[in-house]
Amino acid sequence: MRMVDLIQHKRDGGRLTREQIYYAVQGFTRGDIPDYQMSAFAMAVFFRGMDEEEIADLTMAMVNSGDVVSLAGITGIKVDKHSTGGVGDKTSLIVVPLVAAAGVPVAKMSGRGLGHTGGTVDKLESIRGFRIELPNDRFVRNVNENKMALVGQSGNLAPADKKLYALRDVTATVNSIPLIASSIMSKKIASGADAIVLDVKVGSGAFMKSYEDAKALASTMVSIGKSLKRRTIAVLSDMSEPLGTEVGNANEVAEAIEVLRGGGDTRLREICLTLAAYMTVAGGAYGNYDEARRALDELLHSGRAVETFRKFVEAQGGDPAIVDDPGLLPQAAVHVSVRAEREGFVQSIDAETVGVTAMLLGAGRATKEDSIDYSVGISLRKKVGDPVKFGDVIAVIHSNREQNQDIAERLIGAYTIVSDKPEPVPVVHSVIE
Ligand code: URA
């Protein structure tokens, strides 16, 4: 077999066999197939696409390129969640303890963030003492005892994906549904999940800007899951404004705790309850979605969800006192109010602009080597649909810089304020299973 023939076959619209796909992925992982051929392959897939069987084969070839985590030591159906990411997305911090409180084990591996704000792992590291690396036996023991553990991605999971993603990033081939879907699903399957709930974000702050693209990605991932015998459900959710009111790291942990206590932002709570309901049904805790919603609501209000979070923080070496007093989390030195420059209703808040602004404060990484300042971020005091008067505080900047005028100007630019109240946009657009 020769890589050049395979590239040509795909370039001309042909379909690839399992054997051909494994040949490309294995050769590339070993270093026998050079970057330029793999880049050409990615471009051929970008233009010609792949059918369901090819995508499932590509996914499994990437899973088998490295280690596959065995969660056999954990009793019960292991359900994982994945979000395609967005600004202010702290859903894992809420959903994982909530699902664990319902008795469904969650052995979660999460990534660090590159871009806007930290990933789940970075956010948790804003808790003093929190250890994101656990030896495997301790990881399994924590899940069995507390029904949850959350660690950083370690080991050699789907190395082919890691290598291919780095090429895609610099060859304009990221935005291809077969490539994105196989990339995401390969990591979930390599992490040992039995069932997967995907949160596919749609809107200005998301990877997928249009509903049609997000739906196509979601359907592709659900069909990969089906063909690989992993129950997979995709929730399409709105990311046309940042999720919740906090964007940063420590402030997002504080917001997650508020939701775990049954309070917090309504839209954030709604998406978390939706994801948790699908996860707990897939995990066998409840018979159907409505029953799960009622039970999960009770877990938030009875304090059991926040208690699970407290135990989880303690079990991973973090200071559990932050749960009762989030003021113990890192705090910025300066808090600057940003005020509305006209009266009306908030029509939109450009999530991407808010994310970039938080990154400029130090809440995210522009490059892999950057370090994160956990204490800085943005609190959005007005959200889409809210009425505002001239001079109302629309946002607060938490900063460790002396000068924040440029940040305030960016935030004012992110808000669109109009005279007429906009039509509400639901946080959950649709569900594909
Ligand atoms: N996230 C991933 O993990 N892979 C992609 O290709 C895109 C987003």
# chains A, B, ... in the order shown; residues from 1 in each chain; ligands from 1
$ select_by_dssp --residues "range 158-370 of chain A" --states "strand (DSSP E)" --output "PyMOL selection string"
chain A and resi 195-202+231-238+246-248+334-339+344-349
$ closest_atom_pairs --of "chain A" --to "ligand 1" --cutoff "7 Å" --atoms "only C-alpha atoms and all ligand atoms" --output "tab-separated table"
residue	atom	partner	partner_atom_place_in_ligand_line	distance
A:Thr84	CA	ligand 1	1 (N)	6.3
A:Tyr165	CA	ligand 1	6 (O)	6.3
A:Val174	CA	ligand 1	6 (O)	5.8
A:Leu179	CA	ligand 1	6 (O)	5.8
A:Ile180	CA	ligand 1	6 (O)	3.5
A:Ala181	CA	ligand 1	6 (O)	6.7
A:Ser183	CA	ligand 1	4 (N)	4.6
A:Ile184	CA	ligand 1	3 (O)	4.3
$ write_last_selection --atoms "C-alpha atoms" --output "mmCIF file, in the first residue's frame"
data_model
loop_
_atom_site.group_PDB
_atom_site.id
_atom_site.type_symbol
_atom_site.label_atom_id
_atom_site.label_comp_id
_atom_site.auth_asym_id
_atom_site.auth_seq_id
_atom_site.Cartn_x
_atom_site.Cartn_y
_atom_site.Cartn_z
ATOM 1 C CA THR A 84 -17.250 21.379 22.418
ATOM 2 C CA TYR A 165 -4.706 17.997 15.311
ATOM 3 C CA VAL A 174 -9.677 21.904 11.555
ATOM 4 C CA LEU A 179 -12.116 15.101 11.409
ATOM 5 C CA ILE A 180 -13.628 16.927 14.398
ATOM 6 C CA ALA A 181 -16.073 14.123 15.198
ATOM 7 C CA SER A 183 -11.007 13.536 17.077
ATOM 8 C CA ILE A 184 -13.465 14.121 19.922
#
$ closest_residue --among "A:Leu164, A:Glu52, A:Ala42, A:Gly362" --to "Val222 in chain A" --atoms "only C-alpha atoms"
A:Glu52
$ residues_around --residues "range 2-9 of chain A" --least-positions-apart "6" --cutoff "12 Å" --atoms "only C-alpha atoms" --output "PyMOL selection string"
chain A and resi 15-28+32-48
$ residues_around --residues "His398 in chain A" --least-positions-apart "6" --cutoff "7 Å" --atoms "only C-alpha atoms" --output "number ranges by chain"
A: 332, 334-336, 376-378
$ closest_residue --among "A:Ala321, A:Ile55, A:Val69, A:Ala351" --to "Leu157 in chain A" --atoms "only C-alpha atoms"
A:Val69
$ residues_around --residues "Val247 in chain A" --least-positions-apart "4" --cutoff "12 Å" --atoms "only C-alpha atoms" --output "ChimeraX atom specification"
/A:86-90,116-119,123,241-243,251-256,351-359,361-364,374-381,395-398
$ select_by_dssp --residues "range 149-213 of chain A" --states "alpha helix (DSSP H)" --output "CSV table (one decimal) with N, CA, C and O atoms, in the first residue's frame"
chain,number,residue,atom,x,y,z
A,159,PRO,N,-2.7,9.3,20.6
A,159,PRO,CA,-1.6,10.1,20.1
A,159,PRO,C,-1.7,10.5,18.7
A,159,PRO,O,-1.2,11.6,18.3
A,160,ALA,N,-2.4,9.7,17.9
A,160,ALA,CA,-2.5,10.0,16.5
A,160,ALA,C,-3.4,11.3,16.3
A,160,ALA,O,-3.1,12.1,15.5
A,161,ASP,N,-4.4,11.4,17.2
A,161,ASP,CA,-5.2,12.6,17.1
A,161,ASP,C,-4.4,13.8,17.5
A,161,ASP,O,-4.6,14.9,16.9
A,162,LYS,N,-3.6,13.7,18.5
A,162,LYS,CA,-2.8,14.8,19.0
A,162,LYS,C,-1.9,15.3,17.9
A,162,LYS,O,-1.8,16.5,17.6
A,163,LYS,N,-1.3,14.4,17.2
A,163,LYS,CA,-0.4,14.7,16.1
A,163,LYS,C,-1.1,15.3,14.9
A,163,LYS,O,-0.7,16.3,14.3
A,164,LEU,N,-2.3,14.7,14.6
A,164,LEU,CA,-3.0,15.1,13.5
A,164,LEU,C,-3.6,16.5,13.7
A,164,LEU,O,-3.7,17.4,12.9
A,165,TYR,N,-4.1,16.7,15.0
A,165,TYR,CA,-4.7,18.0,15.3
A,165,TYR,C,-3.7,19.1,15.1
A,165,TYR,O,-4.0,20.2,14.6
A,166,ALA,N,-2.4,18.9,15.5
A,166,ALA,CA,-1.4,19.9,15.4
A,166,ALA,C,-1.2,20.2,13.9
A,166,ALA,O,-1.0,21.4,13.6
A,167,LEU,N,-1.3,19.2,13.0
A,167,LEU,CA,-1.2,19.5,11.6
A,167,LEU,C,-2.4,20.3,11.1
A,167,LEU,O,-2.3,21.2,10.3
A,168,ARG,N,-3.6,19.8,11.5
A,168,ARG,CA,-4.8,20.5,11.0
A,168,ARG,C,-4.9,21.9,11.4
A,168,ARG,O,-5.3,22.8,10.6
A,169,ASP,N,-4.3,22.2,12.6
A,169,ASP,CA,-4.3,23.6,13.1
A,169,ASP,C,-3.6,24.5,12.2
A,169,ASP,O,-3.9,25.7,12.1
A,170,VAL,N,-2.6,24.0,11.5
A,170,VAL,CA,-1.7,24.9,10.6
A,170,VAL,C,-1.9,24.6,9.1
A,170,VAL,O,-1.2,25.2,8.3
A,177,ILE,N,-16.1,18.2,9.5
A,177,ILE,CA,-16.9,17.4,10.5
A,177,ILE,C,-16.4,16.0,10.7
A,177,ILE,O,-16.2,15.6,11.9
A,178,PRO,N,-16.0,15.2,9.7
A,178,PRO,CA,-15.4,13.9,10.0
A,178,PRO,C,-14.2,14.0,10.8
A,178,PRO,O,-14.0,13.1,11.7
A,179,LEU,N,-13.4,15.0,10.6
A,179,LEU,CA,-12.1,15.1,11.4
A,179,LEU,C,-12.4,15.6,12.8
A,179,LEU,O,-11.8,15.0,13.8
A,180,ILE,N,-13.3,16.5,13.0
A,180,ILE,CA,-13.6,16.9,14.4
A,180,ILE,C,-14.3,15.8,15.2
A,180,ILE,O,-14.0,15.5,16.3
A,181,ALA,N,-15.3,15.2,14.5
A,181,ALA,CA,-16.1,14.1,15.2
A,181,ALA,C,-15.2,13.0,15.6
A,181,ALA,O,-15.2,12.5,16.7
A,182,SER,N,-14.3,12.5,14.7
A,182,SER,CA,-13.4,11.4,15.1
A,182,SER,C,-12.4,11.8,16.1
A,182,SER,O,-12.1,11.0,17.0
A,183,SER,N,-12.0,13.0,16.1
A,183,SER,CA,-11.0,13.5,17.1
A,183,SER,C,-11.6,13.5,18.5
A,183,SER,O,-11.0,13.0,19.4
A,184,ILE,N,-12.8,14.1,18.6
A,184,ILE,CA,-13.5,14.1,19.9
A,184,ILE,C,-13.8,12.7,20.4
A,184,ILE,O,-13.5,12.3,21.5
A,185,MET,N,-14.4,11.9,19.5
A,185,MET,CA,-14.9,10.6,20.0
A,185,MET,C,-13.7,9.7,20.3
A,185,MET,O,-13.8,8.8,21.2
A,186,SER,N,-12.6,9.8,19.6
A,186,SER,CA,-11.5,8.9,19.9
A,186,SER,C,-11.0,9.1,21.3
A,186,SER,O,-10.6,8.2,22.0
A,187,LYS,N,-11.0,10.4,21.7
A,187,LYS,CA,-10.5,10.7,23.1
A,187,LYS,C,-11.5,10.2,24.1
A,187,LYS,O,-11.1,9.6,25.2
A,188,LYS,N,-12.7,10.3,23.9
A,188,LYS,CA,-13.7,9.8,24.8
A,188,LYS,C,-13.7,8.3,25.0
A,188,LYS,O,-13.8,7.7,26.0
A,189,ILE,N,-13.5,7.6,23.8
A,189,ILE,CA,-13.5,6.2,23.8
A,189,ILE,C,-12.2,5.7,24.5
A,189,ILE,O,-12.2,4.7,25.3
A,190,ALA,N,-11.1,6.3,24.2
A,190,ALA,CA,-9.8,5.9,24.8
A,190,ALA,C,-9.8,6.1,26.3
A,190,ALA,O,-9.1,5.5,27.0
A,211,TYR,N,-26.4,26.7,13.5
A,211,TYR,CA,-27.2,25.5,14.0
A,211,TYR,C,-27.0,24.3,13.1
A,211,TYR,O,-26.8,23.2,13.5
A,212,GLU,N,-27.0,24.5,11.7
A,212,GLU,CA,-26.9,23.4,10.8
A,212,GLU,C,-25.6,22.7,10.9
A,212,GLU,O,-25.5,21.4,11.0
A,213,ASP,N,-24.5,23.4,11.1
A,213,ASP,CA,-23.2,22.8,11.2
A,213,ASP,C,-23.1,22.0,12.6
A,213,ASP,O,-22.6,20.9,12.6
